[in-house]
>>> print(open('upload_32.cif').read())   # mmCIF, C-alpha atoms
data_run
#
loop_
_atom_site.label_atom_id
_atom_site.label_comp_id
_atom_site.auth_asym_id
_atom_site.auth_seq_id
_atom_site.Cartn_x
_atom_site.Cartn_y
_atom_site.Cartn_z
CA MET A 162 -44.17 36.13 98.95
CA GLY A 163 -42.79 39.53 99.84
CA LEU A 164 -43.99 41.57 102.79
CA LEU A 165 -45.55 44.29 100.61
CA ARG A 166 -47.49 41.77 98.54
CA ALA A 167 -48.69 40.00 101.69
CA MET A 168 -49.83 43.35 103.12
CA ARG A 169 -51.64 44.19 99.86
CA ILE A 170 -53.42 40.82 99.82
CA GLY A 171 -54.44 41.31 103.48
CA TRP A 172 -55.80 44.79 102.76
CA ASP A 173 -57.68 43.58 99.68
CA ARG A 174 -59.20 40.65 101.61
CA LEU A 175 -60.32 43.01 104.38
CA PHE A 176 -61.92 45.39 101.87
CA LEU A 177 -63.66 42.58 99.99
CA GLY A 178 -64.76 41.03 103.29
CA ILE A 179 -66.56 44.27 104.11
CA LEU A 180 -68.15 44.25 100.64
CA ALA A 181 -69.20 40.62 101.16
CA LYS A 182 -71.14 41.64 104.27
CA ILE A 183 -72.76 44.57 102.48
CA PHE A 184 -73.64 42.81 99.21
CA LYS A 185 -74.01 39.30 100.66
CA PHE A 186 -71.87 37.45 98.13
CA ASN A 187 -70.00 34.18 98.62
CA ARG A 188 -66.99 34.77 100.90
CA TRP A 189 -64.79 32.87 98.42
CA HIS A 190 -64.61 36.09 96.38
CA ALA A 191 -63.26 37.99 99.39
CA ALA A 192 -60.58 35.36 99.97
CA ALA A 193 -59.40 35.59 96.35
CA PRO A 194 -58.65 39.23 95.45
CA THR A 195 -56.73 39.93 92.26
CA SER A 196 -53.60 40.66 94.31
CA ALA A 197 -53.70 36.98 95.34
CA ARG A 198 -54.82 35.73 91.92
CA PRO A 199 -52.41 37.14 89.31
CA TYR A 200 -53.88 34.84 86.64
CA ARG A 201 -56.53 37.54 86.08
CA ASN A 202 -53.86 39.81 84.60
CA THR A 203 -52.70 36.98 82.34
CA VAL A 204 -56.23 36.39 81.07
CA ALA A 205 -56.72 40.10 80.41
CA GLN A 206 -53.40 40.30 78.54
CA ILE A 207 -54.33 37.37 76.29
CA VAL A 208 -57.70 38.94 75.49
CA ASN A 209 -56.33 42.47 75.01
CA GLU A 210 -53.87 41.19 72.42
CA LEU A 211 -56.88 40.17 70.32
CA ARG A 212 -58.16 43.77 70.31
CA PRO A 213 -61.78 42.72 70.73
CA ASN A 214 -64.82 44.94 70.45
CA SER A 215 -66.98 42.73 72.65
CA VAL A 216 -66.13 40.28 75.44
CA VAL A 217 -68.33 38.00 77.53
CA GLU A 218 -67.10 36.37 80.72
CA ILE A 219 -69.13 33.62 82.37
CA GLY A 220 -68.35 33.34 86.08
CA CYS A 221 -67.11 36.93 86.28
CA GLY A 222 -67.35 37.22 90.07
CA LEU A 223 -66.49 40.76 91.09
CA GLY A 224 -65.23 41.71 87.62
CA GLY A 225 -61.52 41.27 88.29
CA VAL A 226 -60.80 40.07 84.74
CA LEU A 227 -63.27 42.22 82.81
CA SER A 228 -62.08 45.40 84.50
CA ARG A 229 -58.63 44.80 82.98
CA ILE A 230 -59.87 44.20 79.44
CA ARG A 231 -59.90 47.01 76.91
CA ALA A 232 -63.02 46.46 74.83
CA PRO A 233 -65.92 48.84 74.18
CA GLU A 234 -68.47 46.17 75.12
CA ARG A 235 -67.91 43.95 78.16
CA TYR A 236 -70.49 41.61 79.67
CA GLY A 237 -70.07 39.66 82.89
CA TYR A 238 -72.36 36.86 84.07
CA ASP A 239 -72.34 35.17 87.45
CA ILE A 240 -74.78 33.02 89.43
CA ASP A 241 -73.93 34.85 92.67
CA GLU A 242 -76.36 37.77 92.71
CA GLY A 243 -74.45 39.49 95.52
CA ALA A 244 -71.22 39.31 93.49
CA ILE A 245 -73.01 40.95 90.56
CA ARG A 246 -74.27 43.77 92.80
CA ALA A 247 -70.75 44.28 94.19
CA ALA A 248 -69.23 44.19 90.68
CA ARG A 249 -71.65 46.94 89.61
CA PHE A 250 -70.63 48.94 92.67
CA LEU A 251 -66.91 48.47 91.96
CA HIS A 252 -67.00 49.06 88.20
CA GLY A 253 -70.08 51.17 87.56
CA ARG A 254 -71.64 51.24 84.13
CA ARG A 255 -68.43 50.57 82.19
CA ILE A 256 -69.25 46.86 82.23
CA MET A 257 -72.69 45.23 81.89
CA PHE A 258 -73.02 42.76 84.78
CA VAL A 259 -75.86 40.23 84.65
CA HIS A 260 -77.06 37.76 87.26
CA GLY A 261 -77.25 34.44 85.44
CA ASP A 262 -75.41 31.43 84.12
CA ILE A 263 -74.15 30.50 80.67
CA SER A 264 -77.71 30.13 79.37
CA ALA A 265 -78.40 33.82 80.11
CA VAL A 266 -75.84 35.19 77.63
CA SER A 267 -77.72 37.75 75.53
CA PRO A 268 -75.40 39.34 72.93
CA LYS A 269 -76.12 37.92 69.47
CA ARG A 270 -72.41 38.03 68.48
CA PHE A 271 -69.26 38.76 70.44
CA ASP A 272 -65.55 38.48 69.87
CA VAL A 273 -64.31 36.64 72.97
CA LEU A 274 -65.91 34.26 75.45
CA ILE A 275 -64.02 33.69 78.73
CA LEU A 276 -64.69 30.73 81.02
CA VAL A 277 -61.99 30.45 83.69
CA ASN A 278 -61.69 29.25 87.29
CA TRP A 279 -64.96 27.32 87.51
CA ILE A 280 -65.33 24.92 84.59
CA HIS A 281 -63.41 22.22 86.51
CA GLU A 282 -66.59 21.43 88.40
CA LEU A 283 -68.23 20.32 85.13
CA SER A 284 -67.66 17.09 83.26
CA PRO A 285 -66.38 17.48 79.70
CA GLU A 286 -69.81 16.38 78.47
CA SER A 287 -71.59 19.02 80.54
CA LEU A 288 -69.13 21.74 79.52
CA ASP A 289 -69.56 20.74 75.87
CA SER A 290 -73.37 20.84 76.07
CA GLN A 291 -73.31 24.29 77.71
CA LEU A 292 -70.77 25.74 75.26
CA THR A 293 -72.27 24.34 72.05
CA PRO A 294 -75.15 26.87 71.77
CA LEU A 295 -72.71 29.80 72.14
CA LEU A 296 -70.04 28.71 69.66
CA PRO A 297 -71.80 30.07 66.53
CA ARG A 298 -71.95 33.49 68.21
CA VAL A 299 -68.30 33.84 69.23
CA ARG A 300 -64.95 34.17 67.43
CA TYR A 301 -62.48 33.34 70.25
CA LEU A 302 -62.83 31.14 73.29
CA LEU A 303 -60.52 31.34 76.34
CA LEU A 304 -60.61 28.43 78.80
CA ASP A 305 -58.36 27.31 81.62
CA ALA A 306 -57.10 23.83 82.38
CA ILE A 307 -55.74 22.88 85.76
CA ASP A 308 -52.60 20.77 85.86
CA VAL A 309 -53.96 18.00 88.07
CA ALA A 310 -57.54 16.91 88.79
CA ASN A 311 -58.46 17.18 92.47
CA GLN A 312 -56.06 20.13 92.81
CA ASN A 313 -57.84 22.60 95.10
CA GLY A 314 -60.78 20.20 95.13
CA TYR A 315 -61.47 20.44 91.39
CA LYS A 316 -63.19 17.40 89.95
CA TYR A 317 -62.14 17.56 86.30
CA ARG A 318 -59.01 18.33 84.32
CA HIS A 319 -60.10 19.34 80.80
CA ASP A 320 -58.16 18.69 77.62
CA PHE A 321 -60.89 20.28 75.41
CA VAL A 322 -60.93 17.36 72.98
CA PHE A 323 -64.71 17.83 72.84
CA LEU A 324 -64.17 21.02 70.80
CA GLY A 325 -62.94 18.75 68.00
CA ALA A 326 -63.37 20.29 64.58
CA ARG A 327 -65.37 23.26 65.95
CA ALA A 328 -62.37 25.28 67.15
CA THR A 329 -58.64 25.57 66.55
CA ARG A 330 -56.29 25.99 69.50
CA LEU A 331 -54.21 29.12 68.91
CA SER A 332 -52.13 29.16 72.08
CA ILE A 333 -51.52 27.74 75.52
CA THR A 334 -50.23 30.14 78.16
CA ARG A 335 -48.84 28.70 81.38
CA PRO A 336 -48.03 31.37 84.00
CA LEU A 337 -45.38 30.58 86.59
CA ASN A 338 -46.59 29.17 89.92
CA GLU A 339 -50.20 29.12 88.82
CA GLY A 340 -51.05 25.40 88.48
CA ARG A 341 -53.11 26.06 85.38
CA SER A 342 -52.81 26.96 81.73
CA PHE A 343 -54.96 29.16 79.53
CA HIS A 344 -56.10 27.83 76.18
CA LEU A 345 -57.11 30.26 73.45
CA PHE A 346 -59.23 28.86 70.63
CA GLU A 347 -60.54 30.36 67.44
CA VAL A 348 -64.02 29.07 66.75
CA LEU A 349 -64.41 27.81 63.20
CA PRO A 350 -67.27 29.22 61.08
#
>>> encode(input="upload_32.cif", output="structure tokens")
Amino acid sequence: MGLLRAMRIGWDRLFLGILAKIFKFNRWHAAAPTSARPYRNTVAQIVNELRPNSVVEIGCGLGGVLSRIRAPERYGYDIDEGAIRAARFLHGRRIMFVHGDISAVSPKRFDVLILVNWIHELSPESLDSQLTPLLPRVRYLLLDAIDVANQNGYKYRHDFVFLGARATRLSITRPLNEGRSFHLFEVLP
């Protein structure tokens, strides 16, 4: 890691640490700014290539992915109420941020559903049961898979077999030095 990047990460962590005290969100978000988590740019690039009109991200945190996506309608959901308040502060009204989990998703139809950097805490059965109600409402699904279970304390390494005949895998993107891959699916009608 170069000196300039290390300085940028330090500055970003300091800034987010101050926001964490103000908005009272989980300090994990302050330790993981986008400058230290380049996968967010990869996710945004994958989604932007689809040219979506509407995007929903579950587990949006401070909006680091959604703020990089070019879509007229963007919705971010997170269970950390403080993170949602901070995301609204950081990104204003350009993105609709909602305190809630996957069951709180309100748009009737949307183009892309993003679930990255948290699904590894769920068993494939649990992830399947939470995703199933949303599949008829979405065209594309973007999920991440870590390379090795128990990496960074993650419990599960998903292969997404549970999607079966409900979605077709369009691509797998594996950024360098990331330890994860991003799987883009098209949900079948």
>>> resolve_selection(input="upload_32.cif", expression="the PyMOL selection byres ((chain A and resi 187) around 10)", output="PyMOL selection string")
chain A and resi 178+181-182+184-186+188-192+222+241-244
>>> resolve_selection(input="upload_32.cif", expression="the PyMOL selection byres ((chain A and resi 208-221) around 7)", output="PDB file with C-alpha atoms, in the coordinates of the input")
ATOM      1  CA  VAL A 204     -56.230  36.390  81.070  1.00  0.00           C
ATOM      2  CA  ALA A 205     -56.720  40.100  80.410  1.00  0.00           C
ATOM      3  CA  GLN A 206     -53.400  40.300  78.540  1.00  0.00           C
ATOM      4  CA  ILE A 207     -54.330  37.370  76.290  1.00  0.00           C
ATOM      5  CA  GLY A 222     -67.350  37.220  90.070  1.00  0.00           C
ATOM      6  CA  LEU A 223     -66.490  40.760  91.090  1.00  0.00           C
ATOM      7  CA  GLY A 224     -65.230  41.710  87.620  1.00  0.00           C
ATOM      8  CA  ILE A 230     -59.870  44.200  79.440  1.00  0.00           C
ATOM      9  CA  ARG A 231     -59.900  47.010  76.910  1.00  0.00           C
ATOM     10  CA  ALA A 232     -63.020  46.460  74.830  1.00  0.00           C
ATOM     11  CA  PRO A 233     -65.920  48.840  74.180  1.00  0.00           C
ATOM     12  CA  GLU A 234     -68.470  46.170  75.120  1.00  0.00           C
ATOM     13  CA  ARG A 235     -67.910  43.950  78.160  1.00  0.00           C
ATOM     14  CA  TYR A 236     -70.490  41.610  79.670  1.00  0.00           C
ATOM     15  CA  GLY A 237     -70.070  39.660  82.890  1.00  0.00           C
ATOM     16  CA  TYR A 238     -72.360  36.860  84.070  1.00  0.00           C
ATOM     17  CA  ASP A 239     -72.340  35.170  87.450  1.00  0.00           C
ATOM     18  CA  ASP A 262     -75.410  31.430  84.120  1.00  0.00           C
ATOM     19  CA  ILE A 263     -74.150  30.500  80.670  1.00  0.00           C
ATOM     20  CA  PHE A 271     -69.260  38.760  70.440  1.00  0.00           C
ATOM     21  CA  ASP A 272     -65.550  38.480  69.870  1.00  0.00           C
ATOM     22  CA  VAL A 273     -64.310  36.640  72.970  1.00  0.00           C
ATOM     23  CA  LEU A 274     -65.910  34.260  75.450  1.00  0.00           C
ATOM     24  CA  ILE A 275     -64.020  33.690  78.730  1.00  0.00           C
ATOM     25  CA  LEU A 276     -64.690  30.730  81.020  1.00  0.00           C
TER      26      LEU A 276
END
>>> atom_distance(input="upload_32.cif", atom1="CA of Leu349 (chain A)", atom2="CA of Leu331 (chain A)")
11.8 Å
>>> resolve_selection(input="upload_32.cif", expression="the PyMOL selection byres ((chain A and resi 316) around 12)", output="PyMOL selection string")
chain A and resi 279-285+306-315+317-319
>>> closest_residue(input="upload_32.cif", among="A:Val226, A:Leu177, A:Gly163, A:Asn338", to="Phe250 (chain A)", atoms="only C-alpha atoms")
A:Leu177
>>> atom_distance(input="upload_32.cif", atom1="CA of Arg249 (chain A)", atom2="CA of Arg166 (chain A)")
26.3 Å
>>> atom_distance(input="upload_32.cif", atom1="CA of Pro297 (chain A)", atom2="CA of Met257 (chain A)")
21.6 Å
>>> closest_residue(input="upload_32.cif", among="A:Leu345, A:Leu337, A:Leu251, A:Ala326", to="Val277 (chain A)", atoms="only C-alpha atoms")
A:Leu345
>>> residues_around(input="upload_32.cif", residues="Ser264 (chain A)", least_positions_apart="5", cutoff="9 Å", atoms="only C-alpha atoms", output="list in words")
Gln291, Pro294 and Leu295 of chain A
>>> closest_residue(input="upload_32.cif", among="A:Ile333, A:Arg246, A:Gly171, A:Arg298", to="Val266 (chain A)", atoms="all atoms listed in the file")
A:Arg298
>>> closest_residue(input="upload_32.cif", among="A:Ile256, A:Leu227, A:Leu292, A:Ile170", to="Arg327 (chain A)", atoms="only C-alpha atoms")
A:Leu292
>>> closest_residue(input="upload_32.cif", among="A:Val348, A:Ile240, A:Val299, A:Leu164", to="Ala265 (chain A)", atoms="all atoms listed in the file")
A:Ile240
